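Text of the file run-v9.txt, holding compact mmCIF, C-alpha atoms:
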# COMPACT_ATOMS: atom_id res chain seq x y z
CA MET A 1021 -8.90 -15.75 -0.96
CA ARG A 1022 -10.23 -12.66 -2.74
CA PHE A 1023 -7.50 -11.65 -5.22
CA PHE A 1024 -6.87 -8.57 -7.32
CA ILE A 1025 -3.89 -7.31 -9.32
CA ALA A 1026 -3.14 -3.58 -9.24
CA LEU A 1027 -0.72 -0.73 -9.62
CA GLU A 1028 -0.38 0.74 -6.15
CA ILE A 1029 -0.12 4.51 -5.96
CA PRO A 1030 3.12 5.45 -4.15
CA SER A 1031 2.69 7.28 -0.84
CA GLU A 1032 4.31 10.44 -2.23
CA ASN A 1033 1.46 10.69 -4.78
CA ARG A 1034 -1.37 10.02 -2.34
CA VAL A 1035 -1.24 13.61 -1.06
CA GLN A 1036 -2.51 14.91 -4.39
CA PHE A 1037 -5.34 12.36 -4.33
CA GLN A 1038 -6.26 13.49 -0.82
CA ALA A 1039 -6.39 17.08 -2.13
CA ILE A 1040 -8.63 15.98 -5.01
CA GLN A 1041 -10.85 14.09 -2.58
CA LEU A 1042 -11.08 17.07 -0.23
CA LYS A 1043 -12.28 19.30 -3.09
CA LEU A 1044 -14.67 16.56 -4.20
CA HIS A 1045 -16.07 16.16 -0.69
CA THR A 1046 -16.66 19.93 -0.50
CA LEU A 1047 -18.79 19.66 -3.65
CA ILE A 1048 -20.43 16.33 -2.77
CA PRO A 1049 -20.47 15.80 1.03
CA GLN A 1050 -22.44 12.54 0.72
CA ALA A 1051 -19.66 10.86 -1.27
CA LYS A 1052 -17.83 8.16 0.68
CA LEU A 1053 -14.15 8.75 -0.03
CA THR A 1054 -11.77 5.88 -0.73
CA ASP A 1055 -9.21 5.50 2.07
CA SER A 1056 -5.92 6.98 0.87
CA ASP A 1057 -4.05 3.78 1.77
CA LYS A 1058 -6.33 1.84 -0.63
CA ILE A 1059 -5.86 4.05 -3.67
CA HIS A 1060 -4.71 1.93 -6.60
CA LEU A 1061 -5.26 1.26 -10.30
CA THR A 1062 -6.83 -2.20 -10.70
CA LEU A 1063 -5.66 -4.31 -13.62
CA ALA A 1064 -7.69 -7.43 -12.79
CA PHE A 1065 -10.15 -8.42 -10.08
CA LEU A 1066 -10.42 -12.16 -9.62
CA GLY A 1067 -12.77 -12.37 -6.68
CA GLU A 1068 -12.85 -15.39 -4.40
CA GLN A 1069 -10.40 -18.07 -5.61
CA PRO A 1070 -8.51 -20.95 -3.98
CA ASP A 1071 -5.49 -19.84 -1.89
CA GLU A 1072 -3.26 -22.23 -3.86
CA LEU A 1073 -3.68 -19.97 -6.90
CA LYS A 1074 -1.35 -17.33 -5.43
CA ASP A 1075 1.91 -18.71 -6.91
CA LYS A 1076 0.39 -19.07 -10.38
CA LEU A 1077 -0.89 -15.50 -10.22
CA VAL A 1078 2.57 -14.26 -9.30
CA GLN A 1079 3.98 -16.13 -12.32
CA ILE A 1080 1.36 -14.53 -14.58
CA ILE A 1081 2.31 -11.05 -13.34
CA GLN A 1082 6.03 -11.77 -13.73
CA LYS A 1083 5.50 -12.90 -17.31
CA ALA A 1084 3.23 -9.90 -18.06
CA VAL A 1085 5.89 -7.37 -16.98
CA GLU A 1086 8.93 -9.16 -18.40
CA GLY A 1087 11.13 -6.51 -20.01
CA VAL A 1088 8.84 -3.64 -18.96
CA SER A 1089 10.54 -0.62 -17.40
CA SER A 1090 9.07 1.80 -14.89
CA PHE A 1091 6.67 4.31 -16.41
CA GLU A 1092 4.51 7.29 -15.53
CA VAL A 1093 0.81 8.04 -15.56
CA THR A 1094 -0.68 11.40 -14.62
CA PRO A 1095 -4.12 12.10 -13.12
CA ALA A 1096 -6.16 13.80 -15.84
CA TYR A 1097 -9.94 13.88 -15.32
CA ILE A 1098 -12.83 12.73 -13.12
CA ASP A 1099 -15.45 10.33 -14.46
CA GLY A 1100 -17.85 7.81 -13.02
CA PHE A 1101 -19.24 4.28 -13.26
CA PRO A 1102 -21.58 3.51 -14.83
CA ASN A 1103 -21.36 7.11 -16.09
CA ILE A 1104 -20.58 10.61 -14.83
CA HIS A 1105 -24.26 11.67 -14.69
CA HIS A 1106 -25.45 8.79 -12.47
CA PRO A 1107 -22.31 7.47 -10.77
CA ASN A 1108 -22.04 4.71 -8.21
CA ILE A 1109 -18.30 5.36 -8.16
CA LEU A 1110 -16.24 8.44 -9.03
CA TRP A 1111 -12.75 7.87 -10.36
CA VAL A 1112 -9.74 9.67 -11.73
CA GLY A 1113 -8.67 8.75 -15.25
CA VAL A 1114 -5.00 8.88 -16.13
CA LYS A 1115 -2.92 9.87 -19.14
CA GLY A 1116 0.71 9.21 -19.98
CA ASP A 1117 2.16 5.75 -20.63
CA ILE A 1118 -1.28 4.21 -21.04
CA ASP A 1119 -0.01 1.82 -23.71
CA LYS A 1120 2.13 0.08 -21.08
CA VAL A 1121 -0.85 -0.21 -18.71
CA LEU A 1122 -3.00 -1.68 -21.50
CA LEU A 1123 -0.30 -4.08 -22.66
CA ILE A 1124 0.37 -5.37 -19.13
CA ARG A 1125 -3.35 -5.82 -18.57
CA GLU A 1126 -3.75 -7.78 -21.81
CA TYR A 1127 -0.88 -10.11 -20.84
CA ILE A 1128 -2.45 -10.60 -17.42
CA LYS A 1129 -5.84 -11.34 -19.03
CA ASP A 1130 -4.17 -13.92 -21.30
CA GLY A 1131 -2.55 -15.56 -18.29
CA LEU A 1132 -5.82 -15.66 -16.36
CA ALA A 1133 -7.62 -17.14 -19.36
CA SER A 1134 -4.96 -19.87 -19.58
CA LEU A 1135 -5.96 -20.87 -16.03
CA HIS A 1136 -9.65 -20.78 -17.03
CA LEU A 1137 -10.31 -17.90 -14.67
CA PRO A 1138 -13.00 -15.33 -15.41
CA VAL A 1139 -11.74 -12.36 -17.41
CA ASP A 1140 -13.56 -9.04 -17.61
CA GLU A 1141 -14.13 -8.37 -21.31
CA ARG A 1142 -15.57 -4.88 -20.90
CA ARG A 1143 -13.61 -1.98 -22.33
CA PHE A 1144 -10.83 -1.18 -19.87
CA VAL A 1145 -10.26 2.43 -18.89
CA PRO A 1146 -7.26 2.89 -16.57
CA HIS A 1147 -8.62 4.66 -13.50
CA ILE A 1148 -8.23 5.18 -9.78
CA SER A 1149 -11.41 5.06 -7.68
CA ILE A 1150 -11.70 7.99 -5.28
CA ALA A 1151 -15.30 7.88 -3.98
CA LYS A 1152 -18.54 5.92 -4.02
CA PHE A 1153 -22.19 6.50 -3.25
CA SER A 1154 -24.47 4.37 -1.12
CA LYS A 1155 -27.60 5.99 -2.58
CA GLU A 1156 -28.57 6.98 -6.09
CA PHE A 1157 -26.81 10.18 -7.07
CA SER A 1158 -27.03 12.49 -10.08
CA VAL A 1159 -24.47 14.92 -11.47
CA ASP A 1160 -25.95 17.93 -13.25
CA ARG A 1161 -24.04 20.08 -15.74
CA ASN A 1162 -23.03 22.63 -13.09
CA LEU A 1163 -21.55 19.94 -10.83
CA GLU A 1164 -19.83 18.32 -13.81
CA VAL A 1165 -18.12 21.64 -14.62
CA ASN A 1166 -16.99 21.95 -10.98
CA LEU A 1167 -15.60 18.40 -11.06
CA GLU A 1168 -13.63 19.34 -14.18
CA LYS A 1169 -12.20 22.35 -12.34
CA ILE A 1170 -10.82 20.06 -9.60
CA MET A 1171 -8.51 18.51 -12.17
CA THR A 1172 -7.06 21.75 -13.53
CA GLY A 1173 -3.55 22.77 -12.61
CA ASP A 1174 -0.31 20.88 -12.37
CA LEU A 1175 -0.87 17.29 -11.33
CA THR A 1176 2.22 15.30 -10.49
CA PRO A 1177 3.00 12.24 -12.62
CA ILE A 1178 2.89 8.91 -10.78
CA THR A 1179 5.90 6.65 -11.30
CA ILE A 1180 4.82 3.04 -11.57
CA SER A 1181 7.73 0.79 -10.62
CA SER A 1182 5.91 -2.39 -9.57
CA ILE A 1183 2.70 -4.38 -9.79
CA LYS A 1184 1.14 -6.01 -6.76
CA LEU A 1185 -1.00 -9.01 -6.08
CA PHE A 1186 -3.42 -8.16 -3.30
CA GLU A 1187 -5.97 -9.96 -1.24
CA SER A 1188 -9.10 -8.12 -0.21
CA VAL A 1189 -10.28 -9.11 3.27
CA PRO A 1190 -13.76 -8.09 4.47
CA ASN A 1191 -13.46 -6.14 7.72
CA GLU A 1192 -16.54 -4.69 9.47
CA GLY A 1193 -18.31 -3.65 6.26
CA PHE A 1194 -15.10 -2.49 4.59
CA HIS A 1195 -12.20 -4.29 2.96
CA LYS A 1196 -8.59 -4.42 4.04
CA HIS A 1197 -6.00 -4.83 1.28
CA ASN A 1198 -3.02 -7.06 2.03
CA THR A 1199 -0.06 -7.21 -0.34
CA LEU A 1200 0.66 -10.84 -1.22
CA ALA A 1201 3.43 -10.17 -3.76
CA GLU A 1202 5.17 -7.24 -5.39
CA ILE A 1203 6.75 -7.66 -8.81
CA ARG A 1204 9.22 -4.88 -9.65
CA LEU A 1205 9.56 -3.46 -13.12
CA ILE A 1206 13.03 -3.09 -14.63

Is it possible to express this structure as structure tokens?
Amino acid sequence: MRFFIALEIPSENRVQFQAIQLKLHTLIPQAKLTDSDKIHLTLAFLGEQPDELKDKLVQIIQKAVEGVSSFEVTPAYIDGFPNIHHPNILWVGVKGDIDKVLLIREYIKDGLASLHLPVDERRFVPHISIAKFSKEFSVDRNLEVNLEKIMTGDLTPITISSIKLFESVPNEGFHKHNTLAEIRLI
């Protein structure tokens, strides 16, 4: 099974991401937008692992969020991987209770390491992917300024009240995300 652990964006907040994506698509029509039902903030991607690992992953998440209450993050800016000037992926960075996101992620990483699973050691920037490119793409200064303008105004905070364990299932060139477990915060 292909596992990942993420903060799912509640349906009431997806409308603002659709609005951001619509503005983005107006500026960059060749961008392939992330389906609104797949918008999430990934904490850990484990890739293909044995199905039997599911229960241990749930335990890791439960331990990571023990005593953690619901919190808020707010969409703040657009950036890209590997960088904004030559992105393969465009994403929305968040501000707010980032310390909680980082702490939960560190506890999850510790739990994964205890199972001898691969752990991404790159610097973690909490983000929500909104588009990708199938061909090489460049962002010039003018486009960068217009991307910044998309994120101006009042953006609604996102209340994070649970963490989910997902499986990613290949489906005709795309991936379907199935929720395997949802661990509620206090």

request  = Anything within 9 Å of (-21.9, 14.8, -5.0): list those residues as a ChimeraX atom specification, counting all atoms listed in the file and sticking to the file's coordinates.
outcome  = /A:1044-1051,1153,1157-1159,1163

key: Spatial neighbours of A:Ile1124, 10 Å, all atoms listed in the file, chain gap at least 2 places, as number ranges by chain   = A: 1063, 1081, 1083-1086, 1088, 1118-1122, 1126-1130, 1183

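Proximity to A:Lys1043 at 10 Å, evaluated using all atoms listed in the file and with sequence-adjacent residues fewer than 4 positions away removed, yields Phe1037, Gln1038, Ala1039, Leu1047, Ile1048, Pro1049, Asn1166, Leu1167, Lys1169, Ile1170 and Met1171 of chain A.
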
I need the residues from that last selection saved to file as a CSV table (one decimal), in the frame of the given file (with C-alpha atoms), if you can.
chain,number,residue,atom,x,y,z
A,1037,PHE,CA,-5.3,12.4,-4.3
A,1038,GLN,CA,-6.3,13.5,-0.8
A,1039,ALA,CA,-6.4,17.1,-2.1
A,1047,LEU,CA,-18.8,19.7,-3.6
A,1048,ILE,CA,-20.4,16.3,-2.8
A,1049,PRO,CA,-20.5,15.8,1.0
A,1166,ASN,CA,-17.0,22.0,-11.0
A,1167,LEU,CA,-15.6,18.4,-11.1
A,1169,LYS,CA,-12.2,22.4,-12.3
A,1170,ILE,CA,-10.8,20.1,-9.6
A,1171,MET,CA,-8.5,18.5,-12.2

task = Tell me which of A:Thr1176, A:Ser1181, A:Asn1191, A:Ser1154 sits closest to A:Val1035, counting all atoms listed in the file.
result = A:Thr1176

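Atom CA of A:Ala1151 is positioned 20.6 Å from atom CA of A:Gly1067.
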
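Atom CA of A:Phe1023 is positioned 8.7 Å from atom CA of A:Ala1064.
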
request  = One decimal, Å: what's the distance from atom CA of A:Leu1132 over to atom CA of A:Leu1061, could you say?
outcome  = 18.0 Å

ask   = Looking at A:Leu1205, A:Leu1027, A:Leu1110, A:Leu1077, which one is nearest to A:Lys1052, with distances taken over all atoms listed in the file?
value = A:Leu1110

inquiry  = Please list as a PyMOL selection string every residue within 6 Å of stretch 1146-1150 of chain A, counting only C-alpha atoms and excluding residues in the same chain fewer than 5 positions away.
reply    = chain A and resi 1053-1054+1060-1061+1110-1113

Sphere at (-26.8, 13.8, -15.4), radius 9 Å, counting all atoms listed in the file: residues as an MDAnalysis selection string = chainID A and resid 1103:1106 1158:1161 1164

Would you fill the gaps in stretch 1141-1166 of chain A so it has N, CA and C atoms, then print it as an mmCIF file, in the frame of the given file?
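Written output follows (result-v1.cif):
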data_model
loop_
_atom_site.group_PDB
_atom_site.id
_atom_site.type_symbol
_atom_site.label_atom_id
_atom_site.label_comp_id
_atom_site.auth_asym_id
_atom_site.auth_seq_id
_atom_site.Cartn_x
_atom_site.Cartn_y
_atom_site.Cartn_z
ATOM 1 N N GLU A 1141 -14.286 -8.716 -19.894
ATOM 2 C CA GLU A 1141 -14.130 -8.370 -21.310
ATOM 3 C C GLU A 1141 -14.635 -6.960 -21.636
ATOM 4 N N ARG A 1142 -15.123 -6.250 -20.620
ATOM 5 C CA ARG A 1142 -15.570 -4.880 -20.900
ATOM 6 C C ARG A 1142 -14.377 -4.017 -21.271
ATOM 7 N N ARG A 1143 -14.672 -2.912 -21.954
ATOM 8 C CA ARG A 1143 -13.610 -1.980 -22.330
ATOM 9 C C ARG A 1143 -12.923 -1.480 -21.065
ATOM 10 N N PHE A 1144 -11.615 -1.565 -21.047
ATOM 11 C CA PHE A 1144 -10.830 -1.180 -19.870
ATOM 12 C C PHE A 1144 -10.395 0.277 -20.003
ATOM 13 N N VAL A 1145 -10.699 1.047 -18.975
ATOM 14 C CA VAL A 1145 -10.260 2.430 -18.890
ATOM 15 C C VAL A 1145 -9.408 2.541 -17.631
ATOM 16 N N PRO A 1146 -8.098 2.782 -17.764
ATOM 17 C CA PRO A 1146 -7.260 2.890 -16.570
ATOM 18 C C PRO A 1146 -7.756 4.024 -15.672
ATOM 19 N N HIS A 1147 -8.041 3.683 -14.418
ATOM 20 C CA HIS A 1147 -8.620 4.660 -13.500
ATOM 21 C C HIS A 1147 -8.290 4.324 -12.055
ATOM 22 N N ILE A 1148 -8.479 5.317 -11.205
ATOM 23 C CA ILE A 1148 -8.230 5.180 -9.780
ATOM 24 C C ILE A 1148 -9.489 5.644 -9.055
ATOM 25 N N SER A 1149 -10.172 4.725 -8.386
ATOM 26 C CA SER A 1149 -11.410 5.060 -7.680
ATOM 27 C C SER A 1149 -11.116 5.964 -6.495
ATOM 28 N N ILE A 1150 -11.926 7.033 -6.373
ATOM 29 C CA ILE A 1150 -11.700 7.990 -5.280
ATOM 30 C C ILE A 1150 -12.907 8.158 -4.365
ATOM 31 N N ALA A 1151 -14.104 7.726 -4.810
ATOM 32 C CA ALA A 1151 -15.300 7.880 -3.980
ATOM 33 C C ALA A 1151 -16.408 6.986 -4.494
ATOM 34 N N LYS A 1152 -17.361 6.683 -3.601
ATOM 35 C CA LYS A 1152 -18.540 5.920 -4.020
ATOM 36 C C LYS A 1152 -19.763 6.475 -3.318
ATOM 37 N N PHE A 1153 -20.914 6.045 -3.796
ATOM 38 C CA PHE A 1153 -22.190 6.500 -3.250
ATOM 39 C C PHE A 1153 -22.995 5.309 -2.772
ATOM 40 N N SER A 1154 -23.623 5.450 -1.618
ATOM 41 C CA SER A 1154 -24.470 4.370 -1.120
ATOM 42 C C SER A 1154 -25.902 4.521 -1.609
ATOM 43 N N LYS A 1155 -26.264 5.726 -2.051
ATOM 44 C CA LYS A 1155 -27.600 5.990 -2.580
ATOM 45 C C LYS A 1155 -27.465 6.519 -3.997
ATOM 46 N N GLU A 1156 -28.574 6.456 -4.728
ATOM 47 C CA GLU A 1156 -28.570 6.980 -6.090
ATOM 48 C C GLU A 1156 -28.175 8.454 -6.078
ATOM 49 N N PHE A 1157 -27.317 8.816 -7.019
ATOM 50 C CA PHE A 1157 -26.810 10.180 -7.070
ATOM 51 C C PHE A 1157 -26.767 10.649 -8.523
ATOM 52 N N SER A 1158 -27.067 11.917 -8.738
ATOM 53 C CA SER A 1158 -27.030 12.490 -10.080
ATOM 54 C C SER A 1158 -26.082 13.685 -10.123
ATOM 55 N N VAL A 1159 -25.378 13.799 -11.228
ATOM 56 C CA VAL A 1159 -24.470 14.920 -11.470
ATOM 57 C C VAL A 1159 -25.075 15.777 -12.568
ATOM 58 N N ASP A 1160 -25.429 17.021 -12.223
ATOM 59 C CA ASP A 1160 -25.950 17.930 -13.250
ATOM 60 C C ASP A 1160 -24.780 18.633 -13.942
ATOM 61 N N ARG A 1161 -25.087 19.425 -14.950
ATOM 62 C CA ARG A 1161 -24.040 20.080 -15.740
ATOM 63 C C ARG A 1161 -23.171 20.998 -14.882
ATOM 64 N N ASN A 1162 -23.782 21.729 -13.955
ATOM 65 C CA ASN A 1162 -23.030 22.630 -13.090
ATOM 66 C C ASN A 1162 -22.018 21.862 -12.228
ATOM 67 N N LEU A 1163 -22.457 20.758 -11.643
ATOM 68 C CA LEU A 1163 -21.550 19.940 -10.830
ATOM 69 C C LEU A 1163 -20.466 19.317 -11.702
ATOM 70 N N GLU A 1164 -20.826 18.899 -12.893
ATOM 71 C CA GLU A 1164 -19.830 18.320 -13.810
ATOM 72 C C GLU A 1164 -18.725 19.326 -14.116
ATOM 73 N N VAL A 1165 -19.097 20.582 -14.352
ATOM 74 C CA VAL A 1165 -18.120 21.640 -14.620
ATOM 75 C C VAL A 1165 -17.215 21.826 -13.395
ATOM 76 N N ASN A 1166 -17.797 21.801 -12.199
ATOM 77 C CA ASN A 1166 -16.990 21.950 -10.980
ATOM 78 C C ASN A 1166 -16.064 20.762 -10.761
#
